[in-house]
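Participant: Sharing work_29.cif, mmCIF, C-alpha atoms:
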```cif
data_protein
#
loop_
_atom_site.label_atom_id
_atom_site.label_comp_id
_atom_site.auth_asym_id
_atom_site.auth_seq_id
_atom_site.Cartn_x
_atom_site.Cartn_y
_atom_site.Cartn_z
CA MET A 447 -65.65 -66.45 6.77
CA PRO A 448 -65.63 -62.90 5.33
CA MET A 449 -67.05 -60.10 7.45
CA PHE A 450 -68.91 -58.75 4.42
CA PHE A 451 -69.91 -59.94 0.95
CA MET A 452 -70.23 -57.30 -1.76
CA SER A 453 -73.00 -58.04 -4.26
CA TYR A 454 -73.05 -56.23 -7.61
CA ALA A 455 -74.42 -56.61 -11.13
CA ARG A 456 -71.49 -57.37 -13.36
CA VAL A 457 -71.26 -55.42 -16.61
CA PRO A 458 -70.14 -57.75 -19.44
CA VAL A 459 -66.62 -57.00 -20.65
CA PRO A 460 -66.24 -56.74 -24.46
CA ARG A 461 -63.54 -59.03 -25.81
CA HIS A 462 -61.44 -56.19 -27.21
CA ARG A 463 -61.04 -54.37 -23.88
CA ASP A 464 -58.04 -54.78 -21.61
CA ALA A 465 -58.23 -54.84 -17.82
CA SER A 466 -57.78 -51.06 -17.57
CA GLN A 467 -61.05 -50.63 -19.48
CA ASP A 468 -63.04 -53.20 -17.51
CA PRO A 469 -66.41 -51.48 -16.85
CA ASN A 470 -66.48 -53.20 -13.43
CA ARG A 471 -63.18 -51.69 -12.31
CA LEU A 472 -64.88 -49.05 -10.13
CA VAL A 473 -66.63 -51.84 -8.21
CA PHE A 474 -63.28 -53.51 -7.52
CA ARG A 475 -61.61 -50.22 -6.67
CA PHE A 476 -64.35 -49.41 -4.17
CA PHE A 477 -64.20 -52.93 -2.74
CA ASP A 478 -60.42 -52.72 -2.22
CA GLU A 479 -60.73 -49.41 -0.38
CA LEU A 480 -63.68 -50.58 1.72
CA SER A 481 -62.12 -53.92 2.70
CA ALA A 482 -58.85 -52.19 3.64
CA LYS A 483 -60.70 -49.86 6.00
CA VAL A 484 -62.81 -52.67 7.47
CA ALA A 485 -59.65 -54.74 8.02
CA GLN A 486 -57.95 -51.83 9.78
CA ARG A 487 -60.89 -51.19 12.10
CA ALA A 488 -61.60 -54.85 12.86
CA ARG A 489 -57.90 -55.79 13.05
CA VAL A 490 -58.20 -58.61 10.54
CA THR A 491 -56.60 -59.28 7.16
CA GLN A 492 -58.18 -57.89 3.99
CA GLU A 493 -59.03 -61.45 2.92
CA GLU A 494 -60.96 -61.88 6.18
CA ALA A 495 -62.59 -58.47 5.88
CA GLY A 496 -64.53 -58.86 2.64
CA PHE A 497 -65.29 -60.83 -0.49
CA VAL A 498 -66.32 -59.80 -4.01
CA GLU A 499 -66.71 -62.11 -6.98
CA ARG A 500 -64.12 -61.26 -9.62
CA PRO A 501 -63.91 -62.67 -13.16
CA GLY A 502 -62.80 -66.28 -13.00
CA THR A 503 -63.83 -66.86 -9.38
CA PRO A 504 -65.27 -70.40 -9.07
CA GLY A 505 -69.01 -70.32 -8.40
CA GLU A 506 -68.79 -72.59 -5.35
CA VAL A 507 -66.25 -70.22 -3.74
CA SER A 508 -68.63 -67.27 -4.17
CA VAL A 509 -71.60 -69.22 -2.78
CA LYS A 510 -69.62 -70.26 0.30
CA ALA A 511 -68.52 -66.68 0.95
CA LEU A 512 -72.12 -65.48 0.54
CA LEU A 513 -73.54 -68.01 2.99
CA ASP A 514 -70.79 -67.42 5.55
CA CYS A 515 -70.73 -63.61 5.55
CA ARG A 516 -71.92 -61.53 8.49
CA VAL A 517 -72.82 -58.41 6.49
CA PHE A 518 -74.31 -58.32 2.99
CA VAL A 519 -73.38 -55.20 0.96
CA PRO A 520 -75.46 -54.85 -2.24
CA LEU A 521 -74.68 -52.06 -4.73
CA TYR A 522 -78.09 -50.64 -5.70
CA SER A 523 -78.62 -49.73 -9.36
CA LYS A 524 -81.14 -50.34 -12.12
CA ARG A 525 -78.92 -53.10 -13.49
CA TYR A 526 -78.72 -54.72 -10.03
CA PHE A 527 -82.49 -55.15 -9.73
CA SER A 528 -82.80 -56.63 -13.23
CA ASN A 529 -80.09 -59.25 -12.61
CA PRO A 530 -81.43 -62.73 -11.67
CA GLN A 531 -78.18 -63.78 -9.96
CA CYS A 532 -78.32 -60.72 -7.68
CA GLY A 533 -81.95 -61.60 -6.90
CA ARG A 534 -80.92 -65.14 -5.95
CA GLN A 535 -78.14 -63.79 -3.73
CA TRP A 536 -80.72 -61.64 -1.97
CA THR A 537 -82.93 -64.68 -1.44
CA ALA A 538 -79.98 -66.68 -0.08
CA VAL A 539 -79.17 -64.12 2.62
CA THR A 540 -82.72 -63.21 3.65
CA GLN A 541 -84.34 -66.63 4.05
CA GLY A 542 -83.99 -68.84 7.10
CA ALA A 543 -84.14 -67.94 10.77
CA PRO A 544 -83.69 -64.21 11.52
CA GLU A 545 -80.79 -64.87 13.88
CA ASP A 546 -78.90 -66.62 11.05
CA ARG A 547 -79.31 -63.82 8.52
CA PRO A 548 -76.49 -61.37 7.89
CA SER A 549 -77.04 -57.68 8.39
CA ILE A 550 -77.58 -55.68 5.18
CA VAL A 551 -75.74 -52.45 4.39
CA PRO A 552 -77.01 -51.31 0.98
CA VAL A 553 -74.90 -48.86 -1.02
CA LEU A 554 -76.45 -46.30 -3.38
CA TRP A 555 -74.32 -47.14 -6.42
CA THR A 556 -76.43 -45.09 -8.82
CA PRO A 557 -79.44 -42.87 -7.96
CA TYR A 558 -82.50 -45.07 -7.40
CA SER A 559 -85.97 -44.09 -6.25
CA PRO A 560 -87.31 -45.84 -3.12
CA THR A 561 -90.67 -46.26 -4.88
CA SER A 562 -88.98 -48.30 -7.64
CA LEU A 563 -87.56 -50.93 -5.32
CA PRO A 564 -88.88 -54.51 -5.60
CA LYS A 565 -91.40 -55.40 -2.89
CA LYS A 566 -88.97 -57.58 -0.94
CA VAL A 567 -86.43 -54.74 -0.75
CA LYS A 568 -88.71 -51.86 0.26
CA GLU A 569 -87.40 -51.68 3.83
CA GLN A 570 -83.76 -51.69 2.81
CA TYR A 571 -83.19 -48.32 1.19
CA PRO A 572 -79.60 -47.04 1.56
CA GLU A 573 -79.06 -44.64 4.45
CA VAL A 574 -77.30 -41.31 3.95
CA PRO A 575 -74.67 -40.34 6.53
CA ASP A 576 -75.36 -37.40 8.83
CA GLY A 577 -72.97 -34.52 9.37
CA MET A 578 -70.96 -34.91 6.15
CA GLY A 579 -72.24 -31.90 4.26
CA GLU A 580 -71.41 -31.96 0.55
CA ALA A 581 -70.17 -35.58 0.67
CA ALA A 582 -73.56 -36.80 1.91
CA GLU A 583 -75.45 -34.59 -0.56
CA ASN A 584 -73.46 -35.82 -3.54
CA TYR A 585 -73.73 -39.45 -2.40
CA ALA A 586 -77.52 -39.12 -2.20
CA SER A 587 -77.94 -37.29 -5.51
CA MET A 588 -75.18 -38.81 -7.66
CA GLY A 589 -74.51 -42.21 -6.14
CA LEU A 590 -71.10 -43.63 -5.26
CA HIS A 591 -70.42 -44.85 -8.80
CA ARG A 592 -70.61 -41.32 -10.16
CA LEU A 593 -68.41 -39.95 -7.38
CA LEU A 594 -65.75 -42.58 -8.11
CA ASP A 595 -66.08 -41.88 -11.83
CA GLN A 596 -65.52 -38.17 -11.21
CA VAL A 597 -62.31 -38.95 -9.33
CA LEU A 598 -61.11 -41.17 -12.19
CA ASP A 599 -62.03 -38.65 -14.88
CA LEU A 600 -60.37 -35.73 -13.10
CA SER A 601 -57.24 -37.80 -12.41
CA GLU A 602 -56.92 -38.64 -16.11
CA ARG A 603 -58.05 -35.24 -17.41
CA PRO A 604 -57.61 -32.50 -14.76
CA ASP A 605 -59.95 -29.52 -14.92
CA PRO A 606 -57.76 -26.43 -15.52
CA GLU A 607 -60.49 -24.21 -14.09
CA ASP A 608 -60.79 -26.20 -10.85
CA GLU A 609 -57.43 -27.70 -9.90
CA GLY A 610 -58.74 -28.99 -6.58
CA ALA A 611 -61.75 -30.84 -7.98
CA ALA A 612 -60.10 -34.28 -8.00
CA ASP A 613 -58.94 -33.95 -4.38
CA ARG A 614 -62.39 -32.71 -3.32
CA PHE A 615 -64.27 -35.63 -4.87
CA SER A 616 -61.63 -38.07 -3.61
CA ALA A 617 -62.12 -36.76 -0.07
CA GLN A 618 -65.89 -37.18 -0.39
CA VAL A 619 -65.49 -40.79 -1.51
CA ALA A 620 -63.16 -41.40 1.44
CA GLN A 621 -65.71 -39.94 3.87
CA VAL A 622 -68.54 -42.12 2.61
CA THR A 623 -66.29 -45.20 2.50
CA ASP A 624 -65.12 -44.57 6.08
CA TRP A 625 -68.74 -44.33 7.21
CA LEU A 626 -69.72 -47.54 5.43
CA ALA A 627 -66.69 -49.39 6.83
CA GLN A 628 -67.60 -48.43 10.39
CA ARG A 629 -71.21 -49.55 9.86
CA ILE A 630 -70.00 -52.93 8.58
CA VAL A 631 -67.66 -53.42 11.53
CA ASP A 632 -70.37 -52.48 14.04
CA LEU A 633 -72.98 -54.76 12.48
CA ALA A 634 -70.55 -57.66 12.01
CA ALA A 635 -69.96 -57.65 15.75
CA THR A 636 -73.62 -58.56 16.31
CA GLY A 637 -74.19 -60.69 13.16
CA PRO A 638 -74.07 -64.49 12.72
CA THR A 639 -70.74 -66.06 13.63
CA ARG A 640 -71.10 -69.47 12.00
CA ALA A 641 -71.84 -70.80 8.53
CA ARG A 642 -75.47 -70.72 7.44
CA THR A 643 -77.29 -72.98 5.00
CA LEU A 644 -79.89 -72.40 2.33
CA GLY A 645 -83.35 -73.15 3.67
CA GLY A 646 -82.50 -72.33 7.27
CA GLY A 647 -82.90 -75.84 8.63
CA GLY A 648 -80.25 -78.24 9.88
CA ARG A 649 -76.63 -78.12 8.87
CA ALA A 650 -76.72 -79.72 5.43
CA PRO A 651 -73.67 -79.37 3.15
CA GLN A 652 -73.52 -76.00 1.43
CA PRO A 653 -74.64 -75.98 -2.21
CA GLU A 654 -72.27 -74.93 -4.98
CA THR A 655 -74.84 -72.93 -6.95
CA LEU A 656 -77.80 -70.62 -6.37
CA ALA A 657 -79.58 -71.83 -9.52
CA GLY A 658 -82.44 -73.45 -7.56
CA LEU A 659 -83.34 -70.29 -5.62
CA ASP A 660 -86.09 -67.83 -6.48
CA ASP A 661 -85.15 -64.39 -7.78
CA ALA A 662 -86.28 -61.96 -5.09
CA PHE A 663 -86.58 -59.11 -7.59
CA ALA A 664 -88.82 -60.85 -10.14
CA ASP A 665 -92.04 -58.96 -9.59
CA PRO A 666 -93.15 -57.28 -12.84
CA PRO A 667 -96.46 -55.39 -12.48
CA PHE A 668 -97.62 -55.89 -16.10
CA ALA A 669 -96.04 -58.80 -17.93
CA SER A 670 -95.75 -58.89 -21.72
CA PRO A 671 -95.67 -62.30 -23.40
CA LEU A 672 -92.37 -63.60 -24.76
CA HIS A 673 -91.88 -66.93 -26.52
CA ILE A 674 -88.56 -68.74 -26.24
CA THR A 675 -87.49 -71.78 -28.25
CA VAL A 676 -84.29 -73.71 -27.53
CA LEU A 677 -82.61 -75.64 -30.31
CA ALA A 678 -80.22 -77.95 -28.45
CA PRO A 679 -79.73 -81.71 -28.21
CA THR A 680 -80.34 -83.87 -25.15
CA GLU A 681 -77.58 -86.06 -23.74
CA GLU A 682 -78.99 -89.00 -25.76
CA GLY A 683 -78.99 -87.12 -29.05
CA LEU A 684 -75.52 -85.60 -29.00
CA PRO A 685 -73.26 -85.59 -32.06
CA VAL A 686 -70.63 -88.34 -32.07
CA GLY A 687 -67.77 -87.40 -29.76
CA ARG A 688 -69.54 -84.47 -28.05
CA ASP A 689 -68.98 -84.38 -24.27
CA SER A 690 -72.28 -84.84 -22.39
CA ALA A 691 -71.29 -82.90 -19.23
CA ARG A 692 -73.43 -79.86 -20.12
CA TYR A 693 -76.52 -81.73 -21.22
CA GLY A 694 -79.30 -83.73 -19.60
CA PRO A 695 -82.26 -85.95 -20.42
CA ARG A 696 -84.32 -82.89 -21.50
CA VAL A 697 -83.54 -79.86 -23.62
CA ASP A 698 -84.36 -77.73 -20.55
CA ASP A 699 -81.36 -79.30 -18.77
CA TRP A 700 -78.84 -77.78 -21.21
CA ARG A 701 -76.14 -75.86 -19.27
CA PRO A 702 -73.81 -74.28 -21.86
CA TYR A 703 -72.13 -72.05 -19.26
CA GLY A 704 -71.62 -74.78 -16.67
CA THR A 705 -73.15 -75.82 -13.35
CA ALA A 706 -72.43 -72.48 -11.64
CA VAL A 707 -74.91 -70.77 -13.98
CA GLY A 708 -77.27 -73.73 -14.24
CA PRO A 709 -79.80 -74.54 -16.95
CA LEU A 710 -80.02 -71.76 -19.53
CA VAL A 711 -83.81 -72.03 -19.73
CA GLU A 712 -84.11 -71.15 -16.03
CA LEU A 713 -81.76 -68.18 -16.47
CA MET A 714 -83.75 -66.86 -19.44
CA GLU A 715 -87.11 -67.25 -17.67
CA ALA A 716 -85.83 -65.38 -14.61
CA LEU A 717 -84.26 -62.61 -16.68
CA ALA A 718 -87.38 -62.24 -18.84
CA ARG A 719 -89.59 -61.84 -15.76
CA ASN A 720 -87.25 -59.19 -14.36
CA LEU A 721 -87.59 -57.30 -17.64
CA GLY A 722 -91.38 -57.32 -17.42
CA PHE A 723 -92.14 -60.33 -19.63
CA GLU A 724 -94.12 -63.49 -19.03
CA PRO A 725 -91.95 -66.06 -20.80
CA THR A 726 -93.23 -69.27 -22.35
CA VAL A 727 -90.78 -71.91 -23.54
CA LYS A 728 -92.23 -73.49 -26.68
CA PRO A 729 -91.05 -76.33 -28.92
CA PHE A 730 -90.03 -75.45 -32.45
CA ASP A 731 -93.13 -77.00 -34.05
CA LYS A 732 -95.26 -74.33 -32.35
CA PHE A 733 -93.24 -71.66 -34.12
CA GLN A 734 -93.71 -73.49 -37.42
CA THR A 735 -97.48 -73.36 -36.86
CA GLU A 736 -97.36 -69.63 -36.17
CA LEU A 737 -95.26 -69.03 -39.28
CA ARG A 738 -97.97 -70.55 -41.44
CA ASP A 739 -100.89 -69.05 -39.53
CA THR A 740 -102.79 -66.20 -41.18
CA GLU A 741 -103.57 -64.69 -37.78
CA LEU A 742 -101.33 -62.13 -36.09
CA PRO A 743 -98.43 -63.51 -34.01
CA THR A 744 -99.17 -63.82 -30.31
CA ALA A 745 -95.78 -62.66 -28.93
CA PRO A 746 -92.21 -61.76 -29.90
CA TRP A 747 -90.09 -64.88 -30.29
CA ILE A 748 -86.45 -65.64 -29.43
CA LEU A 749 -84.62 -68.71 -30.72
CA VAL A 750 -81.62 -69.82 -28.65
CA VAL A 751 -79.25 -72.18 -30.43
CA ASP A 752 -76.56 -74.61 -29.38
CA PRO A 753 -74.35 -74.72 -32.51
CA TRP A 754 -73.64 -78.39 -31.80
CA ALA A 755 -77.33 -79.04 -32.57
CA LEU A 756 -76.80 -77.94 -36.16
CA GLU A 757 -74.89 -81.15 -36.87
CA ASN A 758 -78.32 -82.81 -36.72
CA SER A 759 -79.95 -82.53 -40.15
CA GLN A 760 -83.48 -82.11 -38.75
CA MET A 761 -82.44 -79.31 -36.38
CA ALA A 762 -80.46 -77.65 -39.16
CA ARG A 763 -83.59 -77.64 -41.37
CA GLU A 764 -85.58 -76.04 -38.56
CA ALA A 765 -82.91 -73.39 -38.09
CA LYS A 766 -82.89 -72.58 -41.81
CA GLU A 767 -86.68 -72.31 -41.80
CA PHE A 768 -86.52 -69.81 -38.92
CA ASP A 769 -83.88 -67.84 -40.81
CA ARG A 770 -85.77 -67.86 -44.13
CA ALA A 771 -88.86 -66.45 -42.41
CA ARG A 772 -86.95 -63.84 -40.36
CA ARG A 773 -90.09 -62.16 -39.12
CA PRO A 774 -89.69 -58.69 -37.56
CA TRP A 775 -90.72 -60.08 -34.18
CA THR A 776 -87.99 -62.75 -34.00
CA ALA A 777 -84.37 -62.87 -32.85
CA VAL A 778 -81.58 -65.46 -32.62
CA LEU A 779 -78.92 -65.96 -29.95
CA SER A 780 -76.35 -68.74 -29.87
CA THR A 781 -73.79 -69.90 -27.34
CA LEU A 782 -70.07 -70.61 -27.74
CA ALA A 783 -69.01 -71.01 -24.13
CA GLY A 784 -65.43 -69.86 -23.65
CA ASP A 785 -64.82 -72.24 -20.73
CA ASP A 786 -65.94 -75.33 -22.69
CA LEU A 787 -62.66 -76.66 -24.07
CA GLN A 788 -64.30 -78.82 -26.73
CA THR A 789 -66.41 -75.91 -27.96
CA LYS A 790 -63.37 -73.64 -27.92
CA GLU A 791 -61.35 -76.09 -30.00
CA GLN A 792 -64.17 -76.41 -32.54
CA SER A 793 -65.22 -72.75 -32.48
CA GLU A 794 -64.37 -71.96 -36.12
CA ARG A 795 -66.28 -74.97 -37.41
CA LEU A 796 -69.25 -74.21 -35.15
CA ARG A 797 -69.31 -70.59 -36.30
CA GLY A 798 -69.36 -71.93 -39.84
CA LEU A 799 -72.47 -73.96 -39.04
CA LEU A 800 -74.15 -70.88 -37.59
CA ALA A 801 -73.25 -68.81 -40.66
CA ALA A 802 -74.58 -71.49 -43.00
CA ASN A 803 -77.90 -71.84 -41.19
CA PHE A 804 -78.62 -68.19 -40.29
CA PRO A 805 -77.46 -66.17 -43.34
CA ARG A 806 -80.35 -63.67 -43.19
CA PHE A 807 -79.95 -62.87 -39.51
CA LEU A 808 -76.22 -62.38 -40.08
CA SER A 809 -76.46 -60.31 -43.27
CA GLU A 810 -79.53 -58.21 -42.44
CA GLY A 811 -79.20 -57.77 -38.69
CA ARG A 812 -77.50 -54.88 -36.96
CA VAL A 813 -74.05 -55.37 -35.44
CA GLY A 814 -75.41 -56.43 -32.06
CA GLU A 815 -77.76 -58.96 -33.61
CA GLN A 816 -74.92 -60.42 -35.66
CA GLU A 817 -72.76 -60.78 -32.53
CA ALA A 818 -75.59 -62.64 -30.80
CA VAL A 819 -75.97 -65.05 -33.73
CA ARG A 820 -72.22 -65.76 -34.04
CA GLY A 821 -72.03 -67.11 -30.50
CA LEU A 822 -71.78 -65.60 -27.00
CA ALA A 823 -68.83 -66.75 -24.91
CA GLY A 824 -70.07 -66.16 -21.35
CA ALA A 825 -73.22 -65.98 -19.25
CA ASP A 826 -72.73 -62.25 -18.61
CA VAL A 827 -72.68 -61.27 -22.27
CA PHE A 828 -75.50 -63.72 -23.01
CA THR A 829 -77.60 -62.07 -20.29
CA ARG A 830 -76.88 -58.64 -21.74
CA TRP A 831 -77.86 -59.58 -25.29
CA PHE A 832 -80.88 -61.60 -24.24
CA GLY A 833 -82.20 -58.50 -22.47
CA GLU A 834 -81.37 -56.20 -25.39
CA LEU A 835 -83.01 -58.46 -27.97
CA ALA A 836 -86.06 -59.21 -25.82
CA GLU A 837 -86.75 -55.47 -25.59
CA ALA A 838 -85.98 -54.96 -29.30
CA THR A 839 -88.26 -57.78 -30.47
CA LYS A 840 -91.03 -56.45 -28.23
CA ILE A 841 -90.81 -53.03 -29.89
CA ARG A 842 -90.71 -54.56 -33.36
CA TYR A 843 -93.60 -56.89 -32.47
CA LEU A 844 -95.78 -53.98 -31.36
CA ARG A 845 -94.90 -51.97 -34.47
CA TYR A 846 -95.70 -54.99 -36.63
CA ILE A 847 -99.05 -55.58 -34.90
CA HIS A 848 -99.99 -51.93 -35.35
CA SER A 849 -98.95 -52.03 -39.01
CA GLN A 850 -101.21 -55.04 -39.61
CA LEU A 851 -104.31 -53.67 -37.95
CA PRO A 852 -107.07 -53.07 -40.54
CA ARG A 853 -107.64 -49.42 -41.41
CA SER A 854 -110.75 -49.89 -43.50
CA GLY A 855 -112.19 -53.21 -42.35
CA THR A 856 -110.28 -55.18 -44.99
CA GLY A 857 -108.62 -57.58 -42.54
CA VAL A 858 -104.98 -58.19 -41.82
CA ARG A 859 -102.51 -57.09 -44.47
CA GLY A 860 -99.83 -59.35 -45.88
CA VAL A 861 -96.81 -60.24 -43.75
CA SER A 862 -93.63 -58.34 -44.52
CA GLU A 863 -90.71 -60.57 -45.43
CA SER A 864 -87.97 -58.34 -44.00
CA GLY A 865 -87.15 -57.83 -40.36
CA ALA A 866 -87.09 -54.42 -38.71
CA ASP A 867 -83.87 -52.86 -37.49
CA LEU A 868 -82.81 -53.21 -33.89
CA PRO A 869 -83.84 -49.86 -32.35
CA ARG A 870 -81.12 -47.52 -31.24
CA ARG A 871 -80.95 -46.52 -27.61
CA PRO A 872 -80.00 -42.89 -27.09
CA ASP A 873 -78.13 -43.66 -23.86
CA THR A 874 -75.92 -46.51 -25.07
CA GLY A 875 -73.54 -44.72 -27.44
CA ARG A 876 -71.62 -46.92 -29.84
CA GLY A 877 -71.79 -50.67 -29.57
CA ASN A 878 -68.15 -50.85 -28.50
CA GLY A 879 -68.64 -48.78 -25.37
CA ALA A 880 -67.18 -45.54 -26.76
CA SER A 881 -68.97 -42.23 -27.00
CA SER A 882 -69.51 -40.45 -30.31
CA ASP A 883 -66.46 -38.27 -29.72
CA GLY A 884 -64.23 -41.22 -28.87
CA SER A 885 -63.96 -40.47 -25.14
CA ARG A 886 -64.27 -43.17 -22.48
CA VAL A 887 -67.75 -44.21 -21.50
CA GLU A 888 -68.44 -46.22 -18.35
CA GLY A 889 -70.43 -49.41 -18.78
CA ARG A 890 -74.01 -49.09 -17.57
CA PRO A 891 -73.97 -50.16 -13.89
#
```
Step by step, read the file and then write its structure as structure tokens.
Facilitator:
Amino acid sequence: MPMFFMSYARVPVPRHRDASQDPNRLVFRFFDELSAKVAQRARVTQEEAGFVERPGTPGEVSVKALLDCRVFVPLYSKRYFSNPQCGRQWTAVTQGAPEDRPSIVPVLWTPYSPTSLPKKVKEQYPEVPDGMGEAAENYASMGLHRLLDQVLDLSERPDPEDEGAADRFSAQVAQVTDWLAQRIVDLAATGPTRARTLGGGGRAPQPETLAGLDDAFADPPFASPLHITVLAPTEEGLPVGRDSARYGPRVDDWRPYGTAVGPLVELMEALARNLGFEPTVKPFDKFQTELRDTELPTAPWILVVDPWALENSQMAREAKEFDRARRPWTAVLSTLAGDDLQTKEQSERLRGLLAANFPRFLSEGRVGEQEAVRGLAGADVFTRWFGELAEATKIRYLRYIHSQLPRSGTGVRGVSESGADLPRRPDTGRGNGASSDGSRVEGRP
């Protein structure tokens, strides 16, 4: 079992980036340094010292390491507390008998206010080391991610006016990492020494997924409504020759990204709640009713499509109707799972089906919206775009509602036929992760 398990919110990696531009590389760099120091102090191998989930790690391997660890090391950031998988990891290590729970050593990855923490995390704010002077001050004010980023920036582009800056920040990172390593070793000595199980009772076989656990961070104070419709077949209505492994008796059982992620509906509901929405999964006929209704829409609406469903003529007609309407308060996402060999082999044909059935969303949407319609290869990038489009459709929905409010008692004005643009975010830079001047920009942690 690993002495510690590092929990972080993975930033999706754009397809065009190589490993040197992976926005998660600072997480892995920090993990390598921390596990090396823990291994040295505890006199164990680095593999025994710590575990972090890297791209391609099987889900069941990560779950086993999580349940067996003696110290849980979460990297606190805004992204972390809006990630359902991180919330489920927190639930996994904090439920059960107290004596079976691992110790928690939170790391301030980016600055985060104690008052913004979810209720279940309030008592676990990261400590700041004593007696470290500037290293402790910078850790508290900048977070470890920024300190590591400064080291990387200054190594690539030295500051001619401060030749010792890189060494100074590197020394500060080393001080904080040394302190964290010693805390982990000390707490591991008193933590659980045998494998734990979800639920805390008995010694049942360990599960391979966290999909059935509650998200500990899902506690929005004021929830906005969000409607979600899934256009996907059941295992009994699959196209001829389609493998049934990722389907079930209900549409809600659809698992395009495999068993490690679980049903996509559950993932979307958890993510929506983390973002401050109250999601409702509705069948397509409810959307058809709202399209024809003269009243104002009741919520922004996201359609999630399995491109295999478009081989069904009825589902294809429904998709085209959604596209023809293209209300400002709607969005479309589709899946093309990169680890589904059959989908990968048929990807060009499936993209053709998407293009044929969603021409307006593809021709009129912004670049990000078009990427979401063409098919998202992994759960990470799906999560990212679901969040982006949920927020965008909410803004467009509110603008639309305000535009339709009567100004002179004449009732609701006619419905606009064109969708609004996806709003720009001032802090995101270009869609490809580059800043306006072409310099490197770190993915949002």
Participant: Convert the output of the PyMOL selection byres ((chain A and resi 815) around 10) on the shown file into explicit residues, formatted as a short mmCIF file (atom, residue, chain, number, x, y, z; two decimals) with C-alpha atoms, in the frame of the given file.
Facilitator:
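Written file, part_21.cif:
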```
data_model
loop_
_atom_site.label_atom_id
_atom_site.label_comp_id
_atom_site.auth_asym_id
_atom_site.auth_seq_id
_atom_site.Cartn_x
_atom_site.Cartn_y
_atom_site.Cartn_z
CA ALA A 777 -84.37 -62.87 -32.85
CA VAL A 778 -81.58 -65.46 -32.62
CA LEU A 779 -78.92 -65.96 -29.95
CA PHE A 807 -79.95 -62.87 -39.51
CA LEU A 808 -76.22 -62.38 -40.08
CA SER A 809 -76.46 -60.31 -43.27
CA GLU A 810 -79.53 -58.21 -42.44
CA GLY A 811 -79.20 -57.77 -38.69
CA ARG A 812 -77.50 -54.88 -36.96
CA VAL A 813 -74.05 -55.37 -35.44
CA GLY A 814 -75.41 -56.43 -32.06
CA GLN A 816 -74.92 -60.42 -35.66
CA GLU A 817 -72.76 -60.78 -32.53
CA ALA A 818 -75.59 -62.64 -30.80
CA VAL A 819 -75.97 -65.05 -33.73
CA ARG A 820 -72.22 -65.76 -34.04
CA TRP A 831 -77.86 -59.58 -25.29
CA GLU A 834 -81.37 -56.20 -25.39
CA LEU A 835 -83.01 -58.46 -27.97
CA ASP A 867 -83.87 -52.86 -37.49
CA LEU A 868 -82.81 -53.21 -33.89
#
```
Participant: Rank nothing, just name the residue among A:Thr537, A:Ser562, A:Thr781, A:Gln596 nearest to A:Leu800, using all atoms listed in the file.
Facilitator: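 Going through A:Thr537, A:Ser562, A:Thr781, A:Gln596 one by one, the smallest distance to A:Leu800 is for A:Thr781.
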Participant: Work out how far atom CA of A:Trp555 is from atom CA of A:Val539, in Å to one decimal.
Facilitator: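 Spanning atom CA of A:Val539 to atom CA of A:Trp555 is a straight-line distance of 19.8 Å.
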Participant: Please evaluate the PyMOL selection byres ((chain A and resi 522) around 7) against the structure above and give the resulting residues as a VMD selection string.
Facilitator: chain A and resid 520 to 521 523 526 552 to 556
Participant: How many Å separate atom CA of A:Phe497 from atom CA of A:Gln541?
Facilitator: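 We find that atom CA of A:Phe497 and atom CA of A:Gln541 lie 20.4 Å from each other.
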Participant: So that I can see what lies close to A:Ala706, please list as a tab-separated table (two decimals) with C-alpha atoms, in the frame of the given file the residues with an atom at most 10 Å from it, counting only C-alpha atoms and leaving out residues fewer than 5 positions away in the same chain.
Facilitator:
```tsv
chain	number	residue	atom	x	y	z
A	504	PRO	CA	-65.27	-70.40	-9.07
A	505	GLY	CA	-69.01	-70.32	-8.40
A	506	GLU	CA	-68.79	-72.59	-5.35
A	508	SER	CA	-68.63	-67.27	-4.17
A	509	VAL	CA	-71.60	-69.22	-2.78
A	654	GLU	CA	-72.27	-74.93	-4.98
A	655	THR	CA	-74.84	-72.93	-6.95
A	656	LEU	CA	-77.80	-70.62	-6.37
A	657	ALA	CA	-79.58	-71.83	-9.52
A	701	ARG	CA	-76.14	-75.86	-19.27
```
Participant: Could you list the residues chosen by the PyMOL selection byres ((chain A and resi 525) around 12) in this structure as a short mmCIF file (atom, residue, chain, number, x, y, z; two decimals) with C-alpha atoms, in the frame of the given file?
Facilitator:
```
data_model
loop_
_atom_site.label_atom_id
_atom_site.label_comp_id
_atom_site.auth_asym_id
_atom_site.auth_seq_id
_atom_site.Cartn_x
_atom_site.Cartn_y
_atom_site.Cartn_z
CA TYR A 454 -73.05 -56.23 -7.61
CA ALA A 455 -74.42 -56.61 -11.13
CA ARG A 456 -71.49 -57.37 -13.36
CA VAL A 457 -71.26 -55.42 -16.61
CA PRO A 458 -70.14 -57.75 -19.44
CA PRO A 520 -75.46 -54.85 -2.24
CA LEU A 521 -74.68 -52.06 -4.73
CA TYR A 522 -78.09 -50.64 -5.70
CA SER A 523 -78.62 -49.73 -9.36
CA LYS A 524 -81.14 -50.34 -12.12
CA TYR A 526 -78.72 -54.72 -10.03
CA PHE A 527 -82.49 -55.15 -9.73
CA SER A 528 -82.80 -56.63 -13.23
CA ASN A 529 -80.09 -59.25 -12.61
CA PRO A 530 -81.43 -62.73 -11.67
CA GLN A 531 -78.18 -63.78 -9.96
CA CYS A 532 -78.32 -60.72 -7.68
CA GLY A 533 -81.95 -61.60 -6.90
CA TRP A 555 -74.32 -47.14 -6.42
CA THR A 556 -76.43 -45.09 -8.82
CA PRO A 557 -79.44 -42.87 -7.96
CA TYR A 558 -82.50 -45.07 -7.40
CA PHE A 663 -86.58 -59.11 -7.59
CA LEU A 717 -84.26 -62.61 -16.68
CA ASN A 720 -87.25 -59.19 -14.36
CA LEU A 721 -87.59 -57.30 -17.64
CA THR A 829 -77.60 -62.07 -20.29
CA ARG A 830 -76.88 -58.64 -21.74
CA GLY A 833 -82.20 -58.50 -22.47
CA GLY A 889 -70.43 -49.41 -18.78
CA ARG A 890 -74.01 -49.09 -17.57
CA PRO A 891 -73.97 -50.16 -13.89
#
```
